[in-house]
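File shown here: my_file_22.txt, holding compact mmCIF, C-alpha atoms.
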# COMPACT_ATOMS: atom_id res chain seq x y z
CA MET E 1 -22.91 -13.94 -45.60
CA LYS E 2 -20.10 -16.44 -45.20
CA ASP E 3 -19.48 -18.82 -42.33
CA VAL E 4 -16.46 -17.93 -40.22
CA PHE E 5 -14.15 -20.47 -38.60
CA ILE E 6 -11.33 -20.18 -36.10
CA THR E 7 -8.86 -22.55 -37.77
CA LYS E 8 -5.74 -21.93 -35.68
CA ILE E 9 -5.01 -20.55 -32.20
CA ALA E 10 -1.61 -19.71 -30.75
CA LYS E 11 -0.23 -18.16 -27.57
CA PHE E 12 3.06 -16.63 -26.52
CA LEU E 13 3.89 -16.38 -22.82
CA PRO E 14 7.33 -14.80 -22.36
CA ASN E 15 10.22 -16.28 -20.42
CA LYS E 16 9.77 -18.72 -17.55
CA PRO E 17 6.80 -18.65 -15.16
CA VAL E 18 7.10 -16.34 -12.16
CA SER E 19 5.95 -17.66 -8.78
CA ASN E 20 4.22 -15.57 -6.13
CA GLU E 21 7.41 -15.27 -4.11
CA GLU E 22 9.36 -14.02 -7.15
CA MET E 23 6.93 -11.27 -8.13
CA GLU E 24 8.42 -8.49 -6.05
CA ASP E 25 11.92 -9.41 -7.24
CA LYS E 26 10.74 -8.85 -10.80
CA LEU E 27 8.61 -5.74 -10.27
CA GLY E 28 10.70 -4.19 -7.50
CA VAL E 29 9.85 -2.99 -4.01
CA ILE E 30 8.42 0.45 -3.36
CA ASP E 31 10.15 2.70 -0.83
CA GLY E 32 12.45 -0.20 0.08
CA LYS E 33 9.68 -2.08 1.86
CA ALA E 34 7.99 -5.38 0.98
CA SER E 35 4.34 -4.94 0.10
CA LYS E 36 1.73 -5.74 2.75
CA ALA E 37 -1.03 -5.80 0.14
CA ARG E 38 0.64 -8.47 -2.02
CA ARG E 39 -0.25 -11.45 0.17
CA ILE E 40 -3.83 -10.26 0.64
CA VAL E 41 -4.39 -9.86 -3.09
CA LEU E 42 -2.70 -13.17 -3.95
CA ARG E 43 -4.64 -15.04 -1.28
CA ASN E 44 -7.86 -13.86 -2.92
CA ASN E 45 -6.96 -14.26 -6.58
CA GLN E 46 -5.31 -17.69 -6.03
CA ILE E 47 -2.95 -17.21 -8.98
CA LYS E 48 0.12 -19.39 -8.45
CA GLN E 49 2.26 -18.27 -11.40
CA ARG E 50 2.29 -15.78 -14.25
CA TYR E 51 4.64 -14.51 -16.97
CA TYR E 52 6.54 -11.24 -17.32
CA ALA E 53 8.49 -9.87 -20.28
CA ILE E 54 11.39 -9.24 -17.88
CA ASP E 55 14.60 -11.28 -17.62
CA ASP E 56 16.46 -12.31 -14.45
CA GLN E 57 18.46 -9.08 -14.54
CA GLY E 58 15.33 -6.94 -14.68
CA ASN E 59 15.69 -6.05 -18.36
CA THR E 60 12.71 -5.93 -20.68
CA THR E 61 12.73 -8.85 -23.13
CA HIS E 62 9.71 -7.95 -25.29
CA ASN E 63 7.46 -4.97 -25.74
CA ASN E 64 3.73 -5.48 -26.31
CA ALA E 65 3.91 -5.40 -30.11
CA GLN E 66 6.74 -7.96 -30.05
CA LEU E 67 4.71 -10.30 -27.82
CA THR E 68 1.84 -10.08 -30.31
CA LYS E 69 4.13 -10.62 -33.29
CA GLU E 70 5.44 -13.82 -31.67
CA ALA E 71 1.89 -15.17 -31.18
CA VAL E 72 0.91 -14.26 -34.75
CA GLU E 73 3.96 -16.01 -36.20
CA LYS E 74 3.03 -19.16 -34.28
CA LEU E 75 -0.11 -19.36 -36.44
CA CYS E 76 2.00 -19.64 -39.55
CA ASP E 77 3.61 -22.59 -41.31
CA GLY E 78 4.52 -23.69 -44.83
CA SER E 79 0.92 -23.55 -46.01
CA PHE E 80 -0.02 -20.24 -44.39
CA THR E 81 2.62 -17.54 -43.97
CA THR E 82 2.47 -14.02 -42.57
CA LYS E 83 2.33 -12.76 -46.18
CA ASP E 84 -1.03 -14.54 -46.59
CA ILE E 85 -2.70 -12.48 -43.82
CA GLN E 86 -5.33 -10.15 -45.29
CA LEU E 87 -6.42 -8.37 -42.10
CA LEU E 88 -4.62 -7.85 -38.78
CA SER E 89 -6.82 -6.87 -35.81
CA CYS E 90 -5.06 -6.45 -32.44
CA GLY E 91 -6.55 -5.44 -29.09
CA THR E 92 -4.76 -4.48 -25.88
CA SER E 93 -5.14 -2.29 -22.80
CA SER E 94 -1.40 -1.67 -22.50
CA PRO E 95 -0.06 -0.39 -25.85
CA ASP E 96 3.60 0.53 -26.00
CA GLN E 97 2.83 4.14 -26.90
CA ILE E 98 -0.11 6.49 -27.50
CA LEU E 99 0.61 6.67 -31.26
CA PRO E 100 1.10 4.86 -33.64
CA SER E 101 -1.62 2.30 -32.96
CA HIS E 102 -0.83 -1.10 -31.48
CA ALA E 103 -1.74 -3.03 -34.66
CA ALA E 104 0.46 -0.70 -36.72
CA MET E 105 3.42 -1.53 -34.50
CA VAL E 106 2.72 -5.28 -34.74
CA HIS E 107 2.50 -4.97 -38.53
CA GLY E 108 5.81 -3.14 -38.47
CA TYR E 109 7.47 -6.08 -36.75
CA LEU E 110 5.86 -8.63 -39.09
CA LYS E 111 7.16 -6.85 -42.23
CA ASN E 112 4.80 -8.99 -44.31
CA GLY E 113 3.37 -6.67 -46.96
CA ASN E 114 0.38 -4.39 -47.37
CA MET E 115 -2.88 -5.24 -45.58
CA GLU E 116 -5.69 -3.75 -43.50
CA ILE E 117 -5.09 -3.23 -39.78
CA ASN E 118 -7.40 -2.51 -36.85
CA SER E 119 -6.61 -1.48 -33.26
CA PRO E 120 -9.50 -1.60 -30.77
CA SER E 121 -8.77 0.25 -27.53
CA GLY E 122 -10.10 -0.57 -24.08
CA ALA E 123 -9.29 -3.18 -21.47
CA CYS E 124 -10.05 -6.93 -21.53
CA CYS E 125 -12.82 -6.57 -24.13
CA SER E 126 -10.35 -5.06 -26.61
CA GLY E 127 -9.18 -8.59 -27.49
CA MET E 128 -12.77 -9.65 -28.15
CA ASN E 129 -13.44 -6.46 -30.12
CA ALA E 130 -10.43 -7.33 -32.27
CA LEU E 131 -11.94 -10.77 -32.81
CA LYS E 132 -15.36 -9.36 -33.70
CA TYR E 133 -13.88 -6.99 -36.30
CA GLY E 134 -12.14 -9.93 -37.93
CA TYR E 135 -15.29 -12.06 -37.68
CA LEU E 136 -17.48 -9.42 -39.36
CA SER E 137 -14.88 -8.75 -42.05
CA VAL E 138 -14.66 -12.42 -43.04
CA MET E 139 -18.43 -12.93 -42.70
CA THR E 140 -19.21 -10.07 -45.06
CA GLY E 141 -16.62 -11.18 -47.62
CA GLN E 142 -14.37 -8.14 -47.15
CA VAL E 143 -11.49 -10.56 -46.66
CA ASP E 144 -10.99 -14.32 -46.87
CA ASN E 145 -8.97 -14.48 -43.65
CA ALA E 146 -8.14 -12.38 -40.63
CA VAL E 147 -5.63 -12.70 -37.82
CA CYS E 148 -6.97 -11.39 -34.52
CA ALA E 149 -4.96 -10.96 -31.33
CA GLY E 150 -5.18 -9.94 -27.70
CA SER E 151 -2.08 -9.05 -25.72
CA GLU E 152 -0.76 -7.29 -22.63
CA ARG E 153 2.55 -6.13 -21.28
CA THR E 154 1.38 -4.65 -18.01
CA SER E 155 4.61 -5.44 -16.16
CA SER E 156 6.10 -2.22 -17.54
CA TRP E 157 3.21 -0.30 -15.92
CA MET E 158 3.70 -2.04 -12.55
CA THR E 159 7.42 -1.70 -11.83
CA SER E 160 8.37 0.10 -8.63
CA ASP E 161 9.93 3.10 -10.39
CA ILE E 162 6.44 4.06 -11.68
CA PHE E 163 5.44 4.79 -8.07
CA GLU E 164 8.68 6.00 -6.46
CA ASN E 165 8.16 9.63 -7.46
CA GLU E 166 4.75 9.67 -5.80
CA VAL E 167 6.05 8.02 -2.61
CA THR E 168 8.90 10.55 -2.40
CA HIS E 169 6.42 13.38 -2.89
CA LEU E 170 4.19 12.02 -0.13
CA LYS E 171 7.18 11.90 2.23
CA GLU E 172 7.96 15.52 1.44
CA LEU E 173 4.40 16.37 2.42
CA GLU E 174 4.87 14.34 5.63
CA ASP E 175 2.03 12.13 4.52
CA HIS E 176 1.96 8.40 5.21
CA PRO E 177 4.02 7.02 2.30
CA ILE E 178 1.85 4.01 1.50
CA LEU E 179 0.49 3.62 -1.99
CA ALA E 180 -3.30 3.71 -2.17
CA PHE E 181 -4.72 0.18 -2.44
CA ASN E 182 -6.52 1.02 -5.69
CA LYS E 183 -3.10 1.58 -7.28
CA GLU E 184 -1.22 -1.30 -5.66
CA PHE E 185 -4.04 -3.84 -6.15
CA LEU E 186 -3.37 -4.33 -9.87
CA ARG E 187 0.38 -4.83 -9.37
CA TRP E 188 -0.38 -8.31 -8.03
CA MET E 189 -3.17 -9.13 -10.49
CA LEU E 190 -1.85 -8.60 -14.02
CA SER E 191 0.75 -10.27 -16.23
CA ASP E 192 2.17 -10.39 -19.76
CA GLY E 193 1.43 -12.47 -22.83
CA ALA E 194 -0.33 -12.66 -26.18
CA GLY E 195 -2.77 -14.89 -28.01
CA ALA E 196 -3.75 -14.96 -31.68
CA MET E 197 -6.41 -16.63 -33.83
CA LEU E 198 -6.65 -17.23 -37.55
CA LEU E 199 -10.15 -16.76 -38.95
CA GLU E 200 -11.06 -18.18 -42.36
CA ASN E 201 -14.22 -18.64 -44.42
CA THR E 202 -13.64 -22.38 -44.85
CA PRO E 203 -12.96 -24.94 -42.09
CA SER E 204 -9.53 -26.55 -41.81
CA GLY E 205 -7.33 -28.16 -39.19
CA ALA E 206 -8.10 -30.68 -36.47
CA ASN E 207 -10.60 -28.63 -34.45
CA PRO E 208 -12.07 -25.77 -36.51
CA LEU E 209 -14.47 -23.67 -34.45
CA LYS E 210 -17.41 -22.04 -36.21
CA ILE E 211 -18.30 -18.64 -34.78
CA GLU E 212 -22.09 -18.68 -34.45
CA TRP E 213 -22.40 -15.15 -33.06
CA MET E 214 -20.67 -12.44 -31.04
CA ASP E 215 -22.37 -9.84 -28.83
CA GLY E 216 -21.29 -6.93 -26.65
CA TYR E 217 -22.93 -4.97 -23.84
CA SER E 218 -21.83 -1.74 -22.14
CA TYR E 219 -23.08 -0.25 -18.86
CA ALA E 220 -21.03 2.95 -19.14
CA PHE E 221 -24.27 4.92 -19.49
CA GLU E 222 -25.04 4.24 -15.82
CA MET E 223 -21.68 3.31 -14.25
CA ASP E 224 -18.62 5.36 -13.29
CA ALA E 225 -15.15 4.32 -14.40
CA CYS E 226 -13.78 1.47 -12.29
CA MET E 227 -10.36 0.66 -13.80
CA TYR E 228 -8.41 3.47 -15.42
CA ALA E 229 -4.95 4.74 -16.34
CA GLY E 230 -3.73 8.15 -17.44
CA ALA E 231 -6.27 9.92 -15.25
CA GLU E 232 -7.29 10.66 -11.68
CA LYS E 233 -10.77 10.00 -10.32
CA LYS E 234 -12.46 13.02 -8.82
CA GLU E 235 -14.91 13.13 -5.91
CA ASP E 236 -17.87 13.31 -8.28
CA GLY E 237 -16.78 10.05 -9.97
CA ASN E 238 -15.61 11.70 -13.20
CA LEU E 239 -12.08 11.24 -14.53
CA LYS E 240 -9.66 14.13 -14.97
CA PRO E 241 -7.26 13.10 -17.77
CA TRP E 242 -3.47 13.37 -17.60
CA SER E 243 -3.54 16.02 -20.34
CA GLU E 244 -5.25 18.46 -17.94
CA TYR E 245 -2.51 18.15 -15.30
CA PRO E 246 0.85 19.95 -15.47
CA ALA E 247 3.68 17.66 -16.54
CA GLU E 248 5.37 17.88 -13.13
CA ASP E 249 2.31 16.19 -11.55
CA TRP E 250 2.39 13.12 -13.81
CA GLY E 251 5.02 11.36 -11.71
CA LYS E 252 3.98 12.84 -8.37
CA MET E 253 0.49 11.37 -8.76
CA SER E 254 1.44 8.17 -10.65
CA LEU E 255 -1.09 9.27 -13.25
CA PHE E 256 -0.05 6.63 -15.76
CA ALA E 257 -0.34 3.73 -13.32
CA MET E 258 -3.36 1.46 -13.75
CA LYS E 259 -5.83 1.89 -10.91
CA GLN E 260 -8.87 -0.08 -9.77
CA ASP E 261 -11.81 1.17 -7.72
CA THR E 262 -12.14 -2.11 -5.81
CA ARG E 263 -15.39 -1.14 -4.04
CA LEU E 264 -17.13 -0.32 -7.33
CA LEU E 265 -15.70 -3.52 -8.81
CA GLY E 266 -17.00 -5.82 -6.08
CA ALA E 267 -20.46 -4.30 -6.01
CA ASN E 268 -21.13 -4.43 -9.76
CA ILE E 269 -18.89 -6.65 -11.91
CA LEU E 270 -20.85 -9.87 -11.29
CA VAL E 271 -24.36 -8.36 -11.29
CA LYS E 272 -23.83 -6.61 -14.62
CA GLY E 273 -22.00 -9.62 -16.02
CA VAL E 274 -24.88 -11.99 -15.38
CA ASP E 275 -27.43 -9.40 -16.52
CA SER E 276 -25.65 -9.13 -19.88
CA LEU E 277 -25.29 -12.93 -20.11
CA LYS E 278 -29.02 -13.27 -19.57
CA GLN E 279 -29.65 -10.76 -22.36
CA ALA E 280 -27.38 -12.72 -24.71
CA TYR E 281 -29.19 -15.97 -23.89
CA GLU E 282 -32.58 -14.40 -24.54
CA LYS E 283 -31.47 -12.74 -27.77
CA HIS E 284 -30.20 -16.00 -29.26
CA GLY E 285 -32.73 -18.38 -27.71
CA ILE E 286 -30.24 -20.48 -25.76
CA GLY E 287 -29.43 -21.21 -22.12
CA PRO E 288 -26.84 -23.00 -19.97
CA GLU E 289 -28.11 -26.34 -21.28
CA ASP E 290 -26.88 -25.33 -24.77
CA VAL E 291 -23.28 -24.89 -23.57
CA ASP E 292 -20.73 -27.72 -23.26
CA TYR E 293 -17.75 -25.57 -22.27
CA TYR E 294 -18.06 -22.25 -20.46
CA LEU E 295 -14.93 -20.08 -20.57
CA PRO E 296 -15.33 -17.02 -18.33
CA HIS E 297 -12.43 -14.59 -18.09
CA ILE E 298 -12.29 -13.92 -14.36
CA SER E 299 -9.51 -11.75 -12.97
CA SER E 300 -9.47 -13.63 -9.68
CA TYR E 301 -10.76 -16.92 -8.28
CA TYR E 302 -12.30 -14.68 -5.63
CA PHE E 303 -15.09 -14.05 -8.17
CA LYS E 304 -15.69 -17.69 -9.17
CA GLU E 305 -18.13 -18.67 -6.43
CA GLY E 306 -19.75 -15.25 -6.56
CA LEU E 307 -20.33 -15.52 -10.30
CA TYR E 308 -22.01 -18.89 -9.88
CA ALA E 309 -24.16 -17.55 -7.04
CA GLU E 310 -25.23 -14.55 -9.13
CA MET E 311 -26.14 -16.85 -12.03
CA GLU E 312 -28.21 -18.91 -9.64
CA LYS E 313 -29.85 -15.77 -8.28
CA GLN E 314 -30.80 -14.61 -11.79
CA GLY E 315 -32.06 -18.07 -12.76
CA ILE E 316 -29.33 -19.18 -15.18
CA PRO E 317 -26.81 -21.30 -13.19
CA MET E 318 -24.00 -22.89 -15.20
CA PRO E 319 -23.11 -26.42 -13.94
CA TRP E 320 -19.56 -26.52 -12.56
CA GLU E 321 -18.53 -29.40 -14.84
CA LYS E 322 -18.88 -27.08 -17.85
CA TRP E 323 -16.45 -24.43 -16.54
CA PHE E 324 -12.94 -24.25 -18.02
CA LEU E 325 -10.38 -21.97 -16.35
CA ASN E 326 -6.60 -21.63 -16.44
CA LEU E 327 -6.04 -18.48 -14.36
CA GLU E 328 -4.08 -20.30 -11.65
CA HIS E 329 -1.13 -21.29 -13.88
CA VAL E 330 -1.27 -18.61 -16.59
CA GLY E 331 -2.24 -15.48 -14.67
CA ASN E 332 -4.54 -12.64 -15.65
CA VAL E 333 -3.36 -11.61 -19.12
CA GLY E 334 -6.19 -9.13 -19.69
CA ALA E 335 -7.13 -8.89 -23.37
CA ALA E 336 -5.11 -12.04 -24.10
CA SER E 337 -6.74 -14.21 -21.43
CA ILE E 338 -9.63 -15.53 -23.52
CA TYR E 339 -7.27 -16.37 -26.41
CA VAL E 340 -4.91 -18.26 -24.11
CA MET E 341 -7.83 -20.04 -22.41
CA LEU E 342 -9.38 -21.18 -25.70
CA GLU E 343 -5.98 -22.29 -27.02
CA GLU E 344 -5.51 -24.50 -23.97
CA LEU E 345 -8.98 -26.03 -24.31
CA VAL E 346 -8.45 -26.83 -28.00
CA ALA E 347 -5.01 -28.32 -27.26
CA SER E 348 -6.41 -30.46 -24.43
CA GLY E 349 -7.97 -32.98 -26.83
CA LYS E 350 -11.28 -32.82 -24.96
CA LEU E 351 -13.34 -31.31 -27.76
CA LYS E 352 -15.57 -33.36 -30.05
CA LYS E 353 -17.62 -32.42 -33.09
CA GLY E 354 -20.79 -30.53 -32.19
CA ASP E 355 -19.57 -29.24 -28.81
CA LYS E 356 -20.74 -25.72 -28.00
CA ILE E 357 -18.34 -23.23 -26.37
CA LEU E 358 -19.35 -19.95 -24.72
CA LEU E 359 -16.71 -17.24 -24.25
CA HIS E 360 -17.59 -14.63 -21.58
CA VAL E 361 -15.27 -11.63 -21.17
CA PRO E 362 -15.94 -8.82 -18.68
CA GLU E 363 -14.17 -5.47 -18.62
CA SER E 364 -14.26 -3.50 -15.41
CA ALA E 365 -12.96 -0.27 -16.97
CA ARG E 366 -16.52 1.02 -17.19
CA PHE E 367 -18.36 -2.31 -17.13
CA SER E 368 -18.47 -3.80 -20.62
CA TYR E 369 -19.01 -7.45 -21.54
CA MET E 370 -18.36 -9.47 -24.71
CA TYR E 371 -19.61 -12.93 -25.70
CA ALA E 372 -18.85 -15.43 -28.45
CA TYR E 373 -20.68 -18.70 -29.11
CA LEU E 374 -18.70 -21.35 -30.97
CA THR E 375 -19.39 -24.80 -32.41
CA VAL E 376 -16.72 -27.48 -32.86
CA TYR E 377 -17.11 -28.20 -36.58

Reformat the file's structure so that it appears as structure tokens.
Amino acid sequence: MKDVFITKIAKFLPNKPVSNEEMEDKLGVIDGKASKARRIVLRNNQIKQRYYAIDDQGNTTHNNAQLTKEAVEKLCDGSFTTKDIQLLSCGTSSPDQILPSHAAMVHGYLKNGNMEINSPSGACCSGMNALKYGYLSVMTGQVDNAVCAGSERTSSWMTSDIFENEVTHLKELEDHPILAFNKEFLRWMLSDGAGAMLLENTPSGANPLKIEWMDGYSYAFEMDACMYAGAEKKEDGNLKPWSEYPAEDWGKMSLFAMKQDTRLLGANILVKGVDSLKQAYEKHGIGPEDVDYYLPHISSYYFKEGLYAEMEKQGIPMPWEKWFLNLEHVGNVGAASIYVMLEELVASGKLKKGDKILLHVPESARFSYMYAYLTVY
């Protein structure tokens, strides 16, 4: 087995940052009324700015595959070009279409020759699953290098026109035309962007990071779906997919909007997250004392104190000085968040040889968690 190193990291955040007060201008108002939920959600998540692939006139500037292509190209220079990539592995929760796969579309934009591609599906963990596929491929000698990416373009799923059909339908039924909180919640949480990493079997560059191990844990065997799109949640907790509804109901029910069961989220995301972290520690014989930088992907600063408290409760508290977060000024970029976070840490100049970095990525879709343990080489 070969050692695997992250030798380059790049990010692409489209256009200029969007402040909290500009969000509704970009995404649009629903039923002509400013959102009452927006301020509540923003007060809790404490995100101050984010990025959208939307220009000042409301036009789309990049699709998801284009965002990813931009991040991938930022990895390249005179010594390593897109034609040198042997494997492309791209994860996202917001692909531009059902088929072809996301990685196939990115490859189409790169136009860089024949190579293997991989497209993990899912939510935030899809970016880490893309990374693990690349890691295992380089480790086993299948390829000498791999480019792995995480990206999102959720703005196109959150614009007001996605919900207008449902609101109109509710009015026709003389129902109260307010969007359910589980649908509106994510409008003020998610943003656009992409991150990419180059993996190689030899170290190079200023701060190569050796991947020591990667682990994943799923609680879907005991948990209902919490975040979902393209389905409706039934009373028994099961999902009824869009394909089982007549086409005329797709818009009336906003079936393709992302939704979050916020009660299920709050009750379980931290407990399961720390339980899986504890399992990873025990499996690899390490603990918080073996971590110099802890990078947790949290969707909201609302969870920061709670995560620490749950760690303390389960006997594995992580000292605050080891935490590294950038949610406030980058936003929640889903599958791209951990890439963008690690890129910022590497670029900060703080790292020194021998430092240990722990990546911790939760996915609330049906409660999955991914970990990576890195050493500054």

Atom-to-atom span, atom CA of E:Ser160 and atom CA of E:Ala53, Å
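For atom CA of E:Ser160 relative to atom CA of E:Ala53, the distance reads 15.3 Å.
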
Using Å and a single decimal, report how far atom CA of E:Ala335 sits from atom CA of E:Gly237.
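One can read the atom CA of E:Gly237 to atom CA of E:Ala335 distance as 25.1 Å.
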
Just checking: using all atoms listed in the file, which residue out of E:Ala225, E:Leu351, E:Leu27, E:Met105 ends up closest to E:Gly58?
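Ranked by minimum distance to E:Gly58, first place goes to E:Leu27.
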
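Distances here use all atoms listed in the file; by that measure, the residue among E:Pro319, E:Pro296, E:Gly266, E:Pro120 closest to E:Leu342 is E:Pro296.
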
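Shortest atom-to-atom contact with E:Leu67 among E:His107, E:Asn45, E:Cys125, E:Ala194: E:Ala194, counting all atoms listed in the file.
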
With distances taken over only C-alpha atoms, which residue among E:Thr262, E:Gln46, E:Thr92, E:Thr159 lies nearest E:Asn59?
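Between E:Thr262, E:Gln46, E:Thr92, E:Thr159, the residue approaching E:Asn59 most closely is E:Thr159.
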
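Going from atom CA of E:Pro203 to atom CA of E:Gln66 covers 28.7 Å.
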
Closest of E:Gly354, E:Pro95, E:Gly285, E:Gly127 to E:Leu209 - atom-to-atom distances counting all atoms listed in the file:
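Nearest candidate to E:Leu209 out of E:Gly354, E:Pro95, E:Gly285, E:Gly127: E:Gly354.
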
Could you name the residues that touch E:Ser254 at 8 Å or less, counting only C-alpha atoms, but leaving out those on the same chain fewer than 4 positions away, as a PyMOL selection string?
chain E and resi 162-163+165-166+250

E:Asp3 environment, 9 Å, all atoms listed in the file, sequence neighbours closer than 3 positions dropped, as a tab-separated table (two decimals) with C-alpha atoms, in the coordinates of the input:
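Generated file (selection-v8.tsv):
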chain	number	residue	atom	x	y	z
E	138	VAL	CA	-14.66	-12.42	-43.04
E	139	MET	CA	-18.43	-12.93	-42.70
E	200	GLU	CA	-11.06	-18.18	-42.36
E	201	ASN	CA	-14.22	-18.64	-44.42
E	202	THR	CA	-13.64	-22.38	-44.85
E	203	PRO	CA	-12.96	-24.94	-42.09
E	210	LYS	CA	-17.41	-22.04	-36.21
E	211	ILE	CA	-18.30	-18.64	-34.78
E	212	GLU	CA	-22.09	-18.68	-34.45

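Residues with any atom within 9 Å of E:Ala280, counting all atoms listed in the file and excluding same-chain neighbours fewer than 6 positions away, are Asp215, Gly216, Tyr217, Ile286 and Tyr371 of chain E.
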
Give me the stretch 172-271 of chain E side of the contact with stretch 8-17 of chain E, cut-off 8 Å, one line per residue showing its nearest atom pair and distance in Å at one decimal, counting all atoms listed in the file, sorted by chain and residue number, as a tab-separated table.
residue	atom	partner	partner_atom	distance
E:Asp192	CA	E:Leu13	CA	6.9
E:Gly193	CA	E:Leu13	CA	4.6
E:Ala194	CA	E:Phe12	CA	5.2
E:Gly195	CA	E:Lys11	CA	4.2
E:Ala196	CA	E:Ala10	CA	5.3
E:Met197	CA	E:Ile9	CA	4.5
E:Leu198	CA	E:Lys8	CA	5.1
E:Leu199	CA	E:Lys8	CA	7.5
E:Gly205	CA	E:Lys8	CA	7.3
E:Pro208	CA	E:Lys8	CA	7.5

From the list E:Pro246, E:Gly134, E:Gly331, E:Gly32, the nearest residue to E:Trp188 using only C-alpha atoms is E:Gly331

Find the residues around E:Ala130 up to 7 Å (all atoms listed in the file counted), leave out those fewer than 6 positions away in its own chain, and share them as a list in words.
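Surrounding residues, per the criterion: Ser89, Cys90, Gly91, Pro120, Cys148 and Ala149 of chain E.
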
Might I get the box with edges along x, y and z of the file that holds all atoms of stretch 234-240 of chain E listed there, padded by 8 Å on every side, given as centre and edge lengths in Å to one decimal, as AutoDock Vina command-line options?
--center_x -13.8 --center_y 12.1 --center_z -10.4 --size_x 24.2 --size_y 20.1 --size_z 25.1

Extract, using only C-alpha atoms, all DNA, RNA and protein residues at most 6 Å from E:Asp292, discarding same-chain residues fewer than 5 positions from it, and format them as a VMD selection string.
chain E and resid 322 355 to 357

Around (-28.0, -22.6, -13.1), as given in the file, which residues come within 12 Å? Count all atoms listed in the file and list them as a ChimeraX atom specification.
/E:274,278,287-289,291,307-322

At a cut-off of 12 Å around the point (8.4, -15.7, -10.6) (file coordinates), what residues fall inside when counting all atoms listed in the file? I'd like the answer as a VMD selection string.
chain E and resid 14 to 27 47 to 56 58 188 191 329 to 331

Atoms added to stretch 44-48 of chain E (all heavy atoms), reported as a PDB file, in the frame of the given file:
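What landed in out_14.pdb:
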ATOM      1  N   ASN E  44      -6.537 -13.935  -2.328  1.00  0.00           N
ATOM      2  CA  ASN E  44      -7.860 -13.860  -2.920  1.00  0.00           C
ATOM      3  C   ASN E  44      -7.887 -14.306  -4.378  1.00  0.00           C
ATOM      4  O   ASN E  44      -8.803 -15.003  -4.802  1.00  0.00           O
ATOM      5  CB  ASN E  44      -8.417 -12.435  -2.813  1.00  0.00           C
ATOM      6  CG  ASN E  44      -8.931 -12.116  -1.420  1.00  0.00           C
ATOM      7  OD1 ASN E  44      -9.580 -12.949  -0.794  1.00  0.00           O
ATOM      8  ND2 ASN E  44      -8.641 -10.929  -0.920  1.00  0.00           N
ATOM      9  N   ASN E  45      -6.883 -13.892  -5.157  1.00  0.00           N
ATOM     10  CA  ASN E  45      -6.960 -14.260  -6.580  1.00  0.00           C
ATOM     11  C   ASN E  45      -6.507 -15.689  -6.858  1.00  0.00           C
ATOM     12  O   ASN E  45      -6.847 -16.262  -7.895  1.00  0.00           O
ATOM     13  CB  ASN E  45      -6.215 -13.243  -7.471  1.00  0.00           C
ATOM     14  CG  ASN E  45      -4.702 -13.248  -7.313  1.00  0.00           C
ATOM     15  OD1 ASN E  45      -4.070 -14.248  -6.991  1.00  0.00           O
ATOM     16  ND2 ASN E  45      -4.095 -12.093  -7.574  1.00  0.00           N
ATOM     17  N   GLN E  46      -5.733 -16.285  -5.948  1.00  0.00           N
ATOM     18  CA  GLN E  46      -5.310 -17.690  -6.030  1.00  0.00           C
ATOM     19  C   GLN E  46      -4.478 -18.001  -7.278  1.00  0.00           C
ATOM     20  O   GLN E  46      -4.407 -19.152  -7.715  1.00  0.00           O
ATOM     21  CB  GLN E  46      -6.512 -18.630  -5.936  1.00  0.00           C
ATOM     22  CG  GLN E  46      -7.221 -18.565  -4.589  1.00  0.00           C
ATOM     23  CD  GLN E  46      -8.430 -19.475  -4.522  1.00  0.00           C
ATOM     24  OE1 GLN E  46      -8.378 -20.618  -4.979  1.00  0.00           O
ATOM     25  NE2 GLN E  46      -9.522 -18.987  -3.969  1.00  0.00           N
ATOM     26  N   ILE E  47      -3.873 -16.983  -7.863  1.00  0.00           N
ATOM     27  CA  ILE E  47      -2.950 -17.210  -8.980  1.00  0.00           C
ATOM     28  C   ILE E  47      -1.632 -17.711  -8.398  1.00  0.00           C
ATOM     29  O   ILE E  47      -1.110 -17.136  -7.454  1.00  0.00           O
ATOM     30  CB  ILE E  47      -2.735 -15.912  -9.786  1.00  0.00           C
ATOM     31  CG1 ILE E  47      -4.066 -15.420 -10.370  1.00  0.00           C
ATOM     32  CG2 ILE E  47      -1.719 -16.139 -10.905  1.00  0.00           C
ATOM     33  CD1 ILE E  47      -3.992 -14.036 -10.999  1.00  0.00           C
ATOM     34  N   LYS E  48      -1.123 -18.797  -8.959  1.00  0.00           N
ATOM     35  CA  LYS E  48       0.120 -19.390  -8.450  1.00  0.00           C
ATOM     36  C   LYS E  48       1.344 -18.996  -9.274  1.00  0.00           C
ATOM     37  O   LYS E  48       2.461 -18.985  -8.774  1.00  0.00           O
ATOM     38  CB  LYS E  48       0.005 -20.926  -8.448  1.00  0.00           C
ATOM     39  CG  LYS E  48      -1.126 -21.463  -7.573  1.00  0.00           C
ATOM     40  CD  LYS E  48      -0.874 -21.169  -6.108  1.00  0.00           C
ATOM     41  CE  LYS E  48      -1.854 -21.896  -5.195  1.00  0.00           C
ATOM     42  NZ  LYS E  48      -3.244 -21.458  -5.348  1.00  0.00           N
TER      43      LYS E  48
END
